[in-house]
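K.L.:
I am sharing query-v4.tsv, which consists of TSV, C-alpha atoms:
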```tsv
chain	number	residue	atom	x	y	z
A	1355	MET	CA	-0.96	-8.19	-169.12
A	1356	GLY	CA	1.84	-8.43	-166.58
A	1357	THR	CA	4.94	-10.57	-166.56
A	1358	PRO	CA	4.00	-14.24	-166.90
A	1359	ASN	CA	4.46	-16.28	-163.73
A	1360	PRO	CA	4.01	-19.91	-164.86
A	1361	ALA	CA	4.93	-21.37	-161.47
A	1362	LEU	CA	2.22	-19.40	-159.71
A	1363	ALA	CA	-0.25	-20.17	-162.51
A	1364	THR	CA	0.32	-23.91	-161.98
A	1365	ALA	CA	-0.01	-23.56	-158.20
A	1366	LEU	CA	-3.29	-21.68	-158.68
A	1367	LEU	CA	-4.58	-24.39	-161.02
A	1368	ARG	CA	-3.96	-26.94	-158.26
A	1369	ILE	CA	-6.07	-24.84	-155.91
A	1370	GLY	CA	-8.78	-23.84	-158.39
A	1371	ASP	CA	-9.16	-27.20	-160.16
A	1372	ASP	CA	-9.87	-28.96	-156.84
A	1373	ARG	CA	-12.88	-26.71	-156.35
A	1374	LEU	CA	-14.01	-26.74	-159.96
A	1375	VAL	CA	-13.96	-30.53	-160.30
A	1376	LEU	CA	-15.44	-31.22	-156.86
A	1377	GLY	CA	-18.01	-28.49	-157.43
A	1378	HIS	CA	-19.10	-30.00	-160.73
A	1379	ARG	CA	-19.16	-33.49	-159.23
A	1380	THR	CA	-21.34	-32.21	-156.40
A	1381	SER	CA	-23.76	-30.57	-158.84
A	1382	GLU	CA	-24.60	-34.07	-160.11
A	1383	TRP	CA	-26.73	-34.43	-156.98
A	1384	CYS	CA	-29.05	-31.63	-158.05
A	1385	GLY	CA	-32.49	-33.22	-158.16
A	1386	HIS	CA	-31.21	-36.58	-156.88
A	1387	ALA	CA	-30.35	-36.10	-153.20
A	1388	PRO	CA	-32.11	-38.36	-150.66
A	1389	ILE	CA	-34.03	-35.48	-149.09
A	1390	LEU	CA	-34.97	-32.02	-150.30
A	1391	GLU	CA	-32.88	-30.20	-147.68
A	1392	GLU	CA	-29.74	-32.03	-148.80
A	1393	ASP	CA	-30.54	-31.43	-152.44
A	1394	ILE	CA	-30.53	-27.72	-151.65
A	1395	ALA	CA	-27.45	-28.02	-149.44
A	1396	LEU	CA	-25.38	-29.89	-152.03
A	1397	ALA	CA	-26.42	-27.48	-154.80
A	1398	ASN	CA	-25.38	-24.57	-152.57
A	1399	VAL	CA	-22.04	-26.17	-151.72
A	1400	ALA	CA	-21.44	-26.87	-155.42
A	1401	LEU	CA	-22.22	-23.24	-156.22
A	1402	ASP	CA	-19.81	-21.96	-153.58
A	1403	LEU	CA	-17.06	-24.29	-154.84
A	1404	ILE	CA	-17.52	-23.23	-158.44
A	1405	GLY	CA	-17.54	-19.60	-157.29
A	1406	GLN	CA	-14.22	-20.20	-155.52
A	1407	ALA	CA	-12.85	-21.86	-158.65
A	1408	ASN	CA	-13.99	-18.86	-160.68
A	1409	MET	CA	-11.96	-16.46	-158.51
A	1410	VAL	CA	-8.85	-18.64	-158.40
A	1411	LEU	CA	-8.85	-19.50	-162.12
A	1412	GLN	CA	-9.38	-15.85	-163.01
A	1413	HIS	CA	-6.25	-15.07	-161.03
A	1414	ALA	CA	-4.45	-18.02	-162.65
A	1415	GLY	CA	-5.30	-16.64	-166.07
A	1416	THR	CA	-3.98	-13.23	-165.09
A	1417	VAL	CA	-0.61	-14.48	-163.79
A	1418	GLU	CA	-0.27	-16.94	-166.68
A	1419	ALA	CA	-0.60	-13.88	-168.97
A	1420	ALA	CA	-1.36	-16.00	-172.03
A	1421	GLY	CA	-4.76	-14.50	-172.78
A	1422	ARG	CA	-6.83	-17.23	-171.11
A	1423	ASP	CA	-9.59	-16.23	-168.73
A	1424	GLN	CA	-11.32	-18.48	-166.19
A	1425	ASP	CA	-13.79	-19.78	-168.77
A	1426	ALA	CA	-11.01	-20.74	-171.18
A	1427	LEU	CA	-9.22	-22.54	-168.34
A	1428	ALA	CA	-12.35	-24.36	-167.18
A	1429	PHE	CA	-13.83	-25.36	-170.52
A	1430	PHE	CA	-10.96	-25.59	-172.99
A	1431	ARG	CA	-8.33	-27.61	-171.14
A	1432	ASP	CA	-8.19	-31.40	-171.47
A	1433	ALA	CA	-7.83	-33.80	-168.56
A	1434	PHE	CA	-4.01	-33.92	-168.58
A	1435	ALA	CA	-3.89	-30.14	-168.07
A	1436	PHE	CA	-6.00	-30.32	-164.90
A	1437	ARG	CA	-4.17	-30.24	-161.58
A	1438	ASN	CA	-6.87	-31.27	-159.10
A	1439	ALA	CA	-6.28	-33.98	-156.53
A	1440	LEU	CA	-7.68	-37.38	-157.57
A	1441	LEU	CA	-10.01	-37.31	-154.55
A	1442	CYS	CA	-12.07	-34.57	-156.20
A	1443	GLU	CA	-12.75	-36.40	-159.47
A	1444	LEU	CA	-13.89	-39.80	-158.14
A	1445	PRO	CA	-17.52	-40.62	-158.97
A	1446	LYS	CA	-20.12	-39.20	-156.63
A	1447	GLY	CA	-20.95	-42.62	-155.22
A	1448	ASP	CA	-23.77	-42.90	-152.70
A	1449	PHE	CA	-24.71	-40.18	-150.22
A	1450	ALA	CA	-22.16	-41.50	-147.71
A	1451	VAL	CA	-19.30	-41.22	-150.22
A	1452	THR	CA	-20.37	-37.70	-151.12
A	1453	ILE	CA	-20.61	-36.58	-147.50
A	1454	VAL	CA	-17.38	-38.26	-146.36
A	1455	ARG	CA	-15.49	-36.75	-149.31
A	1456	HIS	CA	-16.87	-33.29	-148.52
A	1457	PHE	CA	-15.77	-33.71	-144.96
A	1458	LEU	CA	-12.25	-34.98	-145.77
A	1459	HIS	CA	-11.65	-32.37	-148.47
A	1460	GLY	CA	-13.50	-29.66	-146.57
A	1461	ALA	CA	-11.26	-30.03	-143.52
A	1462	TYR	CA	-8.25	-29.73	-145.83
A	1463	SER	CA	-9.82	-26.70	-147.52
A	1464	VAL	CA	-10.33	-24.83	-144.26
A	1465	LEU	CA	-6.69	-25.33	-143.31
A	1466	GLN	CA	-5.43	-24.48	-146.79
A	1467	TRP	CA	-7.52	-21.29	-147.07
A	1468	GLU	CA	-6.41	-20.30	-143.55
A	1469	ALA	CA	-2.78	-20.62	-144.61
A	1470	LEU	CA	-3.35	-18.91	-147.96
A	1471	SER	CA	-5.16	-16.00	-146.31
A	1472	ARG	CA	-1.66	-15.03	-145.10
A	1473	SER	CA	-0.22	-15.22	-148.64
A	1474	THR	CA	2.14	-12.45	-149.70
A	1475	ASP	CA	0.10	-12.31	-152.93
A	1476	PRO	CA	-2.70	-9.92	-151.91
A	1477	THR	CA	-5.15	-11.23	-154.52
A	1478	LEU	CA	-4.71	-14.82	-153.40
A	1479	ALA	CA	-4.92	-13.77	-149.74
A	1480	GLY	CA	-8.21	-11.96	-150.43
A	1481	ILE	CA	-9.72	-14.93	-152.26
A	1482	ALA	CA	-8.62	-17.27	-149.47
A	1483	ALA	CA	-10.10	-15.11	-146.71
A	1484	LYS	CA	-13.41	-15.09	-148.55
A	1485	ALA	CA	-13.43	-18.81	-149.39
A	1486	LEU	CA	-12.43	-19.71	-145.82
A	1487	LYS	CA	-15.76	-18.52	-144.43
A	1488	GLU	CA	-17.66	-20.65	-146.92
A	1489	SER	CA	-15.50	-23.73	-146.39
A	1490	ARG	CA	-15.95	-23.50	-142.61
A	1491	TYR	CA	-19.69	-23.61	-143.17
A	1492	HIS	CA	-19.37	-26.57	-145.56
A	1493	VAL	CA	-17.15	-28.71	-143.34
A	1494	ARG	CA	-19.39	-28.22	-140.34
A	1495	HIS	CA	-22.37	-29.37	-142.35
A	1496	ALA	CA	-20.53	-32.39	-143.81
A	1497	GLY	CA	-18.98	-33.27	-140.44
A	1498	GLU	CA	-22.35	-33.27	-138.68
A	1499	TRP	CA	-23.60	-35.68	-141.35
A	1500	VAL	CA	-20.56	-37.94	-140.94
A	1501	ILE	CA	-21.44	-38.25	-137.25
A	1502	ARG	CA	-25.12	-38.92	-138.00
A	1503	LEU	CA	-24.35	-41.55	-140.64
A	1504	GLY	CA	-21.56	-43.25	-138.71
A	1505	ASP	CA	-23.42	-43.31	-135.42
A	1506	GLY	CA	-26.81	-43.92	-137.05
A	1507	THR	CA	-28.28	-47.20	-138.23
A	1508	ASP	CA	-26.34	-50.38	-139.10
A	1509	GLU	CA	-26.87	-49.58	-142.76
A	1510	SER	CA	-25.71	-45.94	-142.55
A	1511	HIS	CA	-22.72	-46.99	-140.43
A	1512	ARG	CA	-21.70	-49.66	-142.93
A	1513	ARG	CA	-21.97	-47.25	-145.85
A	1514	ALA	CA	-20.09	-44.49	-144.03
A	1515	GLN	CA	-17.26	-46.87	-143.07
A	1516	ASP	CA	-17.11	-48.18	-146.64
A	1517	ALA	CA	-16.84	-44.57	-147.84
A	1518	VAL	CA	-14.00	-43.79	-145.42
A	1519	ASP	CA	-12.16	-46.96	-146.48
A	1520	ALA	CA	-12.62	-46.23	-150.18
A	1521	LEU	CA	-11.62	-42.55	-150.04
A	1522	TRP	CA	-8.79	-42.74	-147.52
A	1523	PRO	CA	-6.08	-43.78	-150.02
A	1524	TYR	CA	-6.82	-40.56	-151.93
A	1525	THR	CA	-6.26	-38.24	-148.96
A	1526	GLY	CA	-2.47	-38.55	-148.93
A	1527	GLU	CA	-2.11	-36.61	-152.16
A	1528	LEU	CA	-3.64	-33.52	-150.54
A	1529	PHE	CA	-0.55	-33.20	-148.35
A	1530	MET	CA	2.16	-34.04	-150.90
A	1531	GLN	CA	3.87	-30.73	-151.47
A	1532	PRO	CA	4.75	-30.30	-155.18
A	1533	ALA	CA	8.49	-29.75	-155.59
A	1534	ASP	CA	7.96	-27.08	-158.27
A	1535	GLU	CA	6.37	-24.76	-155.70
A	1536	ALA	CA	9.48	-24.48	-153.51
A	1537	THR	CA	10.22	-20.87	-154.49
A	1538	LEU	CA	6.59	-19.82	-154.07
A	1539	VAL	CA	6.48	-21.36	-150.59
A	1540	ALA	CA	9.79	-19.73	-149.64
A	1541	ASP	CA	8.39	-16.37	-150.76
A	1542	GLY	CA	5.23	-16.90	-148.73
A	1543	VAL	CA	3.02	-16.88	-151.83
A	1544	THR	CA	1.61	-20.40	-151.45
A	1545	ALA	CA	1.41	-22.64	-148.39
A	1546	ASP	CA	3.31	-25.91	-147.87
A	1547	VAL	CA	0.42	-28.37	-147.73
A	1548	SER	CA	2.50	-31.00	-145.93
A	1549	HIS	CA	2.38	-28.75	-142.85
A	1550	LEU	CA	-1.41	-28.97	-142.78
A	1551	GLU	CA	-1.59	-32.71	-142.24
A	1552	PRO	CA	-1.22	-32.98	-138.41
A	1553	GLU	CA	-4.08	-30.55	-137.74
A	1554	TRP	CA	-6.19	-32.16	-140.48
A	1555	ARG	CA	-5.65	-35.54	-138.88
A	1556	ARG	CA	-6.59	-34.18	-135.45
A	1557	GLN	CA	-9.85	-32.68	-136.73
A	1558	VAL	CA	-10.71	-35.74	-138.84
A	1559	ASP	CA	-9.94	-38.21	-136.03
A	1560	GLY	CA	-12.13	-36.24	-133.63
A	1561	VAL	CA	-15.13	-36.48	-135.93
A	1562	LEU	CA	-14.54	-40.10	-136.96
A	1563	GLN	CA	-14.30	-41.09	-133.31
A	1564	ARG	CA	-17.62	-39.42	-132.51
A	1565	ALA	CA	-19.06	-41.10	-135.59
A	1566	THR	CA	-17.82	-44.53	-134.37
A	1567	LEU	CA	-15.87	-44.83	-137.62
A	1568	ASN	CA	-12.29	-45.97	-138.04
A	1569	ALA	CA	-9.59	-44.40	-140.15
A	1570	PRO	CA	-7.77	-47.15	-142.06
A	1571	VAL	CA	-4.21	-47.81	-140.93
A	1572	ALA	CA	-1.62	-46.13	-143.12
A	1573	ALA	CA	-1.83	-47.64	-146.56
A	1574	TRP	CA	-0.58	-46.94	-150.07
A	1575	MET	CA	-1.62	-43.45	-151.08
A	1576	GLN	CA	-2.73	-42.69	-154.62
A	1577	ARG	CA	-1.20	-39.70	-156.38
A	1578	GLY	CA	-0.89	-38.08	-159.79
A	1579	GLY	CA	-3.58	-35.41	-160.08
A	1580	ARG	CA	-1.28	-32.53	-159.10
A	1581	ASP	CA	0.90	-33.45	-162.10
A	1582	GLY	CA	-1.94	-34.07	-164.56
A	1583	LYS	CA	-2.08	-37.86	-164.24
A	1584	HIS	CA	-5.72	-38.62	-163.61
A	1585	THR	CA	-8.16	-41.48	-163.21
A	1586	GLU	CA	-10.50	-42.41	-166.05
A	1587	HIS	CA	-13.27	-40.56	-164.25
A	1588	LEU	CA	-12.01	-37.02	-164.93
A	1589	GLY	CA	-12.29	-37.28	-168.72
A	1590	ARG	CA	-15.96	-38.24	-168.49
A	1591	LEU	CA	-16.68	-35.47	-166.01
A	1592	LEU	CA	-15.02	-32.92	-168.29
A	1593	ALA	CA	-16.84	-34.23	-171.35
A	1594	GLU	CA	-20.13	-33.36	-169.71
A	1595	MET	CA	-18.96	-30.12	-168.13
A	1596	GLN	CA	-17.30	-28.77	-171.28
A	1597	VAL	CA	-19.60	-29.95	-174.06
A	1598	VAL	CA	-21.80	-26.85	-174.30
A	1599	ALA	CA	-18.92	-24.39	-174.16
A	1600	ARG	CA	-17.06	-26.33	-176.86
A	1601	ALA	CA	-20.11	-26.76	-179.08
A	1602	HIS	CA	-20.84	-23.03	-178.95
A	1603	PRO	CA	-17.52	-21.22	-178.36
A	1604	GLY	CA	-17.98	-17.68	-177.15
A	1605	ALA	CA	-21.71	-18.09	-176.62
A	1606	ALA	CA	-23.28	-15.81	-174.04
A	1607	TRP	CA	-26.70	-15.94	-172.44
B	1155	MET	CA	-24.57	18.83	-165.44
B	1156	THR	CA	-22.31	19.21	-162.44
B	1157	ALA	CA	-20.43	16.20	-161.13
B	1158	PRO	CA	-22.26	14.46	-158.28
B	1159	THR	CA	-20.65	14.10	-154.87
B	1160	ARG	CA	-19.70	10.72	-153.43
B	1161	ALA	CA	-22.49	11.04	-150.85
B	1162	GLN	CA	-25.00	11.74	-153.61
B	1163	VAL	CA	-23.88	8.66	-155.53
B	1164	LEU	CA	-24.19	6.44	-152.46
B	1165	ASP	CA	-27.61	7.92	-151.82
B	1166	TRP	CA	-28.69	7.01	-155.36
B	1167	LEU	CA	-27.29	3.51	-154.93
B	1168	ASP	CA	-29.43	3.13	-151.81
B	1169	ASP	CA	-32.35	2.76	-154.23
B	1170	VAL	CA	-30.77	-0.31	-155.85
B	1171	LYS	CA	-32.22	-3.33	-154.08
B	1172	ASP	CA	-30.75	-6.78	-153.79
B	1173	PRO	CA	-32.65	-8.90	-156.33
B	1174	GLU	CA	-33.00	-11.81	-153.88
B	1175	VAL	CA	-33.72	-9.71	-150.80
B	1176	PRO	CA	-35.59	-6.73	-152.27
B	1177	VAL	CA	-36.05	-5.10	-148.87
B	1178	LEU	CA	-32.33	-4.31	-148.57
B	1179	SER	CA	-30.29	-2.01	-150.77
B	1180	VAL	CA	-26.90	-3.04	-152.09
B	1181	VAL	CA	-25.42	-0.32	-149.84
B	1182	GLU	CA	-27.11	-1.65	-146.68
B	1183	LEU	CA	-26.04	-5.17	-147.59
B	1184	GLY	CA	-22.41	-4.05	-147.74
B	1185	VAL	CA	-22.03	-5.11	-151.37
B	1186	VAL	CA	-21.15	-1.54	-152.36
B	1187	ARG	CA	-17.77	-0.82	-150.78
B	1188	ASP	CA	-16.97	2.56	-152.28
B	1189	ALA	CA	-17.78	5.07	-154.97
B	1190	THR	CA	-15.42	7.61	-156.49
B	1191	VAL	CA	-16.22	10.49	-158.82
B	1192	ASP	CA	-13.64	11.66	-161.36
B	1193	ALA	CA	-13.15	15.18	-162.75
B	1194	HIS	CA	-15.54	14.55	-165.65
B	1195	GLY	CA	-18.36	13.30	-163.43
B	1196	GLY	CA	-17.65	9.64	-164.24
B	1197	VAL	CA	-18.28	7.27	-161.36
B	1198	THR	CA	-16.42	4.12	-160.32
B	1199	VAL	CA	-18.33	1.87	-157.93
B	1200	THR	CA	-16.47	-0.86	-156.05
B	1201	ILE	CA	-18.51	-3.89	-155.10
B	1202	THR	CA	-17.74	-7.13	-153.30
B	1203	PRO	CA	-19.64	-10.41	-153.69
B	1204	THR	CA	-21.58	-11.82	-150.75
B	1205	TYR	CA	-20.75	-15.42	-151.69
B	1206	SER	CA	-18.11	-16.52	-154.21
B	1207	GLY	CA	-20.75	-18.14	-156.38
B	1208	CYS	CA	-23.55	-15.64	-155.83
B	1209	PRO	CA	-25.46	-15.62	-159.14
B	1210	ALA	CA	-26.99	-12.22	-158.35
B	1211	MET	CA	-23.74	-10.29	-158.73
B	1212	ARG	CA	-24.11	-9.69	-162.47
B	1213	VAL	CA	-27.68	-8.47	-161.99
B	1214	ILE	CA	-26.53	-6.14	-159.20
B	1215	GLU	CA	-23.77	-4.79	-161.41
B	1216	ASP	CA	-26.26	-4.04	-164.20
B	1217	ALA	CA	-28.72	-2.45	-161.75
B	1218	ILE	CA	-25.99	-0.14	-160.39
B	1219	ARG	CA	-25.02	0.94	-163.88
B	1220	GLU	CA	-28.63	1.53	-164.84
B	1221	ALA	CA	-29.45	3.53	-161.70
B	1222	LEU	CA	-26.49	5.87	-162.12
B	1223	GLU	CA	-27.11	6.37	-165.83
B	1224	LEU	CA	-30.68	7.30	-164.96
B	1225	HIS	CA	-29.22	10.07	-162.77
B	1226	GLY	CA	-27.19	11.31	-165.73
B	1227	VAL	CA	-23.80	9.91	-164.81
B	1228	PRO	CA	-21.92	9.87	-168.14
B	1229	GLN	CA	-19.53	7.04	-167.42
B	1230	VAL	CA	-20.11	4.23	-164.92
B	1231	GLN	CA	-17.48	1.68	-164.04
B	1232	VAL	CA	-18.13	-1.21	-161.67
B	1233	ARG	CA	-15.14	-3.03	-160.29
B	1234	THR	CA	-15.10	-6.05	-158.00
B	1235	THR	CA	-12.88	-6.54	-154.99
B	1236	PHE	CA	-12.57	-9.58	-152.70
B	1237	THR	CA	-10.78	-7.72	-149.93
B	1238	PRO	CA	-11.87	-7.31	-147.21
B	1239	ALA	CA	-14.08	-10.40	-147.39
B	1240	TRP	CA	-17.78	-9.64	-147.08
B	1241	THR	CA	-19.33	-10.33	-143.70
B	1242	THR	CA	-22.91	-10.12	-142.47
B	1243	ASP	CA	-21.54	-8.05	-139.57
B	1244	TRP	CA	-21.59	-5.08	-141.98
B	1245	ILE	CA	-25.37	-5.10	-142.14
B	1246	PRO	CA	-26.48	-2.22	-139.87
B	1247	GLU	CA	-29.18	-2.48	-137.18
B	1248	SER	CA	-31.67	-0.48	-139.26
B	1249	ALA	CA	-31.34	-2.97	-142.10
B	1250	ARG	CA	-31.65	-5.93	-139.72
B	1251	ALA	CA	-34.99	-4.57	-138.54
B	1252	LYS	CA	-36.14	-4.31	-142.17
B	1253	LEU	CA	-35.11	-7.91	-142.79
B	1254	GLU	CA	-37.09	-9.16	-139.81
B	1255	ALA	CA	-40.17	-7.15	-140.79
B	1256	TYR	CA	-39.88	-8.72	-144.25
B	1257	GLY	CA	-39.92	-12.23	-142.72
B	1258	ILE	CA	-36.22	-13.06	-142.87
B	1259	ALA	CA	-34.45	-13.47	-139.52
B	1260	PRO	CA	-31.33	-11.27	-139.45
B	1261	PRO	CA	-27.91	-12.92	-139.04
B	1262	GLY	CA	-26.28	-13.36	-135.64
B	1263	ARG	CA	-22.68	-12.24	-135.12
B	1264	ALA	CA	-20.20	-14.01	-137.38
B	1265	HIS	CA	-17.69	-16.14	-135.50
B	1266	ALA	CA	-15.35	-19.04	-136.09
B	1267	ASP	CA	-15.56	-22.07	-133.84
B	1268	GLU	CA	-12.39	-23.58	-132.41
B	1269	GLU	CA	-13.35	-27.03	-133.71
B	1270	MET	CA	-14.40	-27.47	-137.32
B	1271	VAL	CA	-17.35	-29.62	-136.28
B	1272	PRO	CA	-18.43	-28.48	-132.81
B	1273	LEU	CA	-20.84	-30.80	-131.00
B	1274	ARG	CA	-22.98	-27.86	-130.10
B	1275	ARG	CA	-23.16	-24.89	-132.43
B	1276	ALA	CA	-22.26	-21.62	-130.77
B	1277	GLY	CA	-24.47	-18.61	-131.34
B	1278	ASP	CA	-28.11	-18.06	-130.53
B	1279	SER	CA	-31.05	-19.38	-132.49
B	1280	PRO	CA	-32.84	-16.57	-134.29
B	1281	ARG	CA	-36.23	-15.56	-132.99
B	1282	CYS	CA	-39.16	-16.23	-135.27
B	1283	PRO	CA	-39.70	-13.13	-137.45
B	1284	PHE	CA	-43.45	-13.80	-137.39
B	1285	CYS	CA	-44.38	-14.50	-133.74
B	1286	HIS	CA	-41.02	-13.54	-132.15
B	1287	SER	CA	-40.77	-16.83	-130.26
B	1288	SER	CA	-37.26	-18.00	-129.47
B	1289	ARG	CA	-38.31	-21.66	-129.75
B	1290	THR	CA	-36.91	-22.17	-133.23
B	1291	ALA	CA	-35.00	-25.03	-134.82
B	1292	LEU	CA	-32.67	-25.24	-137.79
B	1293	ARG	CA	-34.33	-27.22	-140.55
B	1294	SER	CA	-31.65	-26.86	-143.19
B	1295	ALA	CA	-28.26	-25.14	-143.03
B	1296	PHE	CA	-28.79	-24.08	-146.64
B	1297	GLY	CA	-31.75	-22.32	-148.17
B	1298	SER	CA	-33.22	-20.87	-151.32
B	1299	THR	CA	-30.20	-18.63	-151.95
B	1300	ALA	CA	-26.52	-18.88	-151.04
B	1301	CYS	CA	-26.97	-16.41	-148.18
B	1302	LYS	CA	-29.85	-18.04	-146.31
B	1303	ALA	CA	-30.63	-21.01	-144.05
B	1304	LEU	CA	-34.03	-22.54	-143.32
B	1305	TRP	CA	-35.55	-22.57	-139.83
B	1306	VAL	CA	-38.89	-23.52	-138.40
B	1307	CYS	CA	-40.72	-22.00	-135.44
B	1308	ALA	CA	-41.91	-24.50	-132.83
B	1309	GLU	CA	-44.41	-21.96	-131.46
B	1310	CYS	CA	-46.31	-20.86	-134.58
B	1311	THR	CA	-44.99	-23.72	-136.83
B	1312	GLN	CA	-44.03	-21.19	-139.49
B	1313	PRO	CA	-40.94	-22.07	-141.54
B	1314	PHE	CA	-38.73	-19.03	-142.12
B	1315	GLU	CA	-35.37	-18.10	-143.58
B	1316	GLN	CA	-32.39	-16.63	-141.80
B	1317	PHE	CA	-29.47	-14.74	-143.23
B	1318	LYS	CA	-26.50	-17.05	-142.58
B	1319	ALA	CA	-23.89	-15.34	-140.38
B	1320	ILE	CA	-20.54	-15.37	-142.14
```
I need this file expressed as structure tokens, please.

P.N.:
Amino acid sequence: MGTPNPALATALLRIGDDRLVLGHRTSEWCGHAPILEEDIALANVALDLIGQANMVLQHAGTVEAAGRDQDALAFFRDAFAFRNALLCELPKGDFAVTIVRHFLHGAYSVLQWEALSRSTDPTLAGIAAKALKESRYHVRHAGEWVIRLGDGTDESHRRAQDAVDALWPYTGELFMQPADEATLVADGVTADVSHLEPEWRRQVDGVLQRATLNAPVAAWMQRGGRDGKHTEHLGRLLAEMQVVARAHPGAAW
Amino acid sequence: MTAPTRAQVLDWLDDVKDPEVPVLSVVELGVVRDATVDAHGGVTVTITPTYSGCPAMRVIEDAIREALELHGVPQVQVRTTFTPAWTTDWIPESARAKLEAYGIAPPGRAHADEEMVPLRRAGDSPRCPFCHSSRTALRSAFGSTACKALWVCAECTQPFEQFKAI
């Protein structure tokens, strides 16, 4: 074990927990998606996200140097120790909510992985370069669906607009740069997420416009996940995700 | 026994097939990045995952270990690297031909679009691996494994899989 780096460990939890929680949430669609192709697509996206979380949390465990591996971090932390953005933990909602969330978070992911692929931490840079390819694929898929739903039938348009309206207040947190990462950003280890917002907005606006959907005018933005203050939904998600690992600690199959 | 050479080790690993795409070896697929032989004949194989969440990686790791032990390698270590990130561009022409003959359309060239959600996807549609028609349409961007997408041929109506270009 190397020298503990708690600041980097926390920063990595913010990155990894987003993917772990959103990945698990997405897996809830397995067997329930409206069409077979999307069932397969959502299961694949969930798998990629959990794979990304696996890499990032493994690295977090290494730099934390407290003897916790990625499984310990995923299955044996309680809600207040999670650092994901609130957007990722909200219930899966209908198909429109799921797709719009994947698009909004996916566009952020592409920009964040792009920035992190230039990290001065070679392990993080390697993970980011790998995850970037997957996230590009995901956001294109989600974005094409946003356009189809928004510019589709009256019903799909209404649901897509409702989804945008409901999720929008949770997007601001993605770009709130945590103050405790100042040194990491200065050293080029992590990326200042506030710098990603203009390009995110440009990409998102382009798709929403084609989808005949409107972004709500600037409103109150929810926050708290990056500091461990979560909605009631995370606890229930974790209860399901963690129950087997906690009932049978150390089990292998 | 005498220590094997690196080339010999890679040659042995060419017999280890991908469990999901059994027509390609883990060397052809680019999963095996390197092999080193130490003074005592022990071998360290470096692999890289295709997709972050690829569930076949553990099976591949076990298969590599088993294959080398079968050739009498006393100590096998398998380590994983994420750098450089795996790309389908590493799959050589010879392997692409095998894929097509097996019924899986090989990947096009990996590229990144300027826009995240381009109106028209760049890159050519794959030709049907069965009748070789170019009149094919994407049915699903995701398929039976993390690395494949589902297409359908308008000419012979055969659905087929394509290796996603990443």

K.L.:
Compare B:Leu1167, B:Val1271, B:Ala1319, B:Ala1189 by their minimum atom-to-atom distance to chain A, counting only C-alpha atoms, and give me the closest one.

P.N.:
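The closest residue to chain A is B:Val1271.
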
K.L.:
What residues in chain B have any atom no more than 12 Å from chain A when counting only C-alpha atoms, and can you write them as JSON, numbers by chain?

P.N.:
{"B": [1202, 1203, 1204, 1205, 1206, 1207, 1208, 1209, 1211, 1234, 1235, 1236, 1237, 1238, 1239, 1240, 1241, 1242, 1264, 1265, 1266, 1267, 1268, 1269, 1270, 1271, 1272, 1273, 1274, 1275, 1276, 1292, 1293, 1294, 1295, 1296, 1297, 1298, 1299, 1300, 1301, 1302, 1303, 1304, 1305, 1318, 1319, 1320]}

K.L.:
Quote the spacing between atom CA of Tyr1256 of chain B and atom CA of Leu1183 of chain B in Å to one decimal place.

P.N.:
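If I compute the distance from atom CA of Tyr1256 of chain B to atom CA of Leu1183 of chain B, I get 14.7 Å.
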
K.L.:
What's the separation between atom CA of Ala1363 of chain A and atom CA of Ala1414 of chain A, in Å to one decimal place?

P.N.:
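If I compute the distance from atom CA of Ala1363 of chain A to atom CA of Ala1414 of chain A, I get 4.7 Å.
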
K.L.:
Quick one: residues within 9 Å of Ala1291 of chain B, all atoms listed in the file, excluding same-chain residues fewer than 3 positions away - as a list in words?

P.N.:
Ser1279, Pro1280, Leu1304, Trp1305, Val1306, Cys1307 and Ala1308 of chain B

K.L.:
What does the distance between atom CA of Ile1214 of chain B and atom CA of His1413 of chain A come to in Å, to one decimal place?

P.N.:
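It comes out at 22.2 Å.
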
K.L.:
Taking all atoms listed in the file into account, name the residue in A:Leu1411, A:Met1575, A:Ala1540, A:Val1597 that is nearest to Leu1528 of chain A.

P.N.:
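Among the listed residues, A:Met1575 lies closest to Leu1528 of chain A.
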
K.L.:
Counting all atoms listed in the file, find the residues whose atoms lie at most 12 Å from (-1.5, -34.3, -157.5) (file coordinates) and write them out as number ranges by chain.

P.N.:
A: 1364-1365, 1367-1369, 1371-1372, 1434-1443, 1524-1534, 1547, 1575-1585

K.L.:
If we count all atoms listed in the file and set the cut-off at 12 Å, which residues sit around Glu1254 of chain B, ignoring sequence neighbours fewer than 2 positions away in its own chain? Please answer as a ChimeraX atom specification.

P.N.:
/B:1175,1177-1178,1247-1252,1256-1261,1280-1286,1314-1317

K.L.:
Give me, as a PyMOL selection string, all polymer residues having an atom no more than 9 Å from Val1454 of chain A, counting all atoms listed in the file and skipping those fewer than 2 positions away in the same chain.

P.N.:
chain A and resi 1449-1452+1456-1459+1496-1497+1499-1500+1514+1517-1518+1521

K.L.:
With only C-alpha atoms counted, which protein, DNA or RNA residues have an atom no more than 12 Å from (-16.9, -29.7, -172.8) in the file frame? Please answer as a PyMOL selection string.

P.N.:
chain A and resi 1425-1433+1588-1603

K.L.:
Using only C-alpha atoms for the distances, tell me which of A:Leu1376, A:Ala1469, A:Ala1419, A:Val1543 is nearest to Gly1356 of chain A.

P.N.:
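Closest to Gly1356 of chain A, using only C-alpha atoms: A:Ala1419.
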
K.L.:
Which centre and which edge lengths, in Å to one decimal, describe the axis-aligned box that holds all listed atoms of segment 1547-1564 of chain A after 3 Å is added on each side, as JSON?

P.N.:
```
{"center_x": -7.6, "center_y": -34.7, "center_z": -140.1, "size_x": 26.1, "size_y": 18.7, "size_z": 21.2}
```
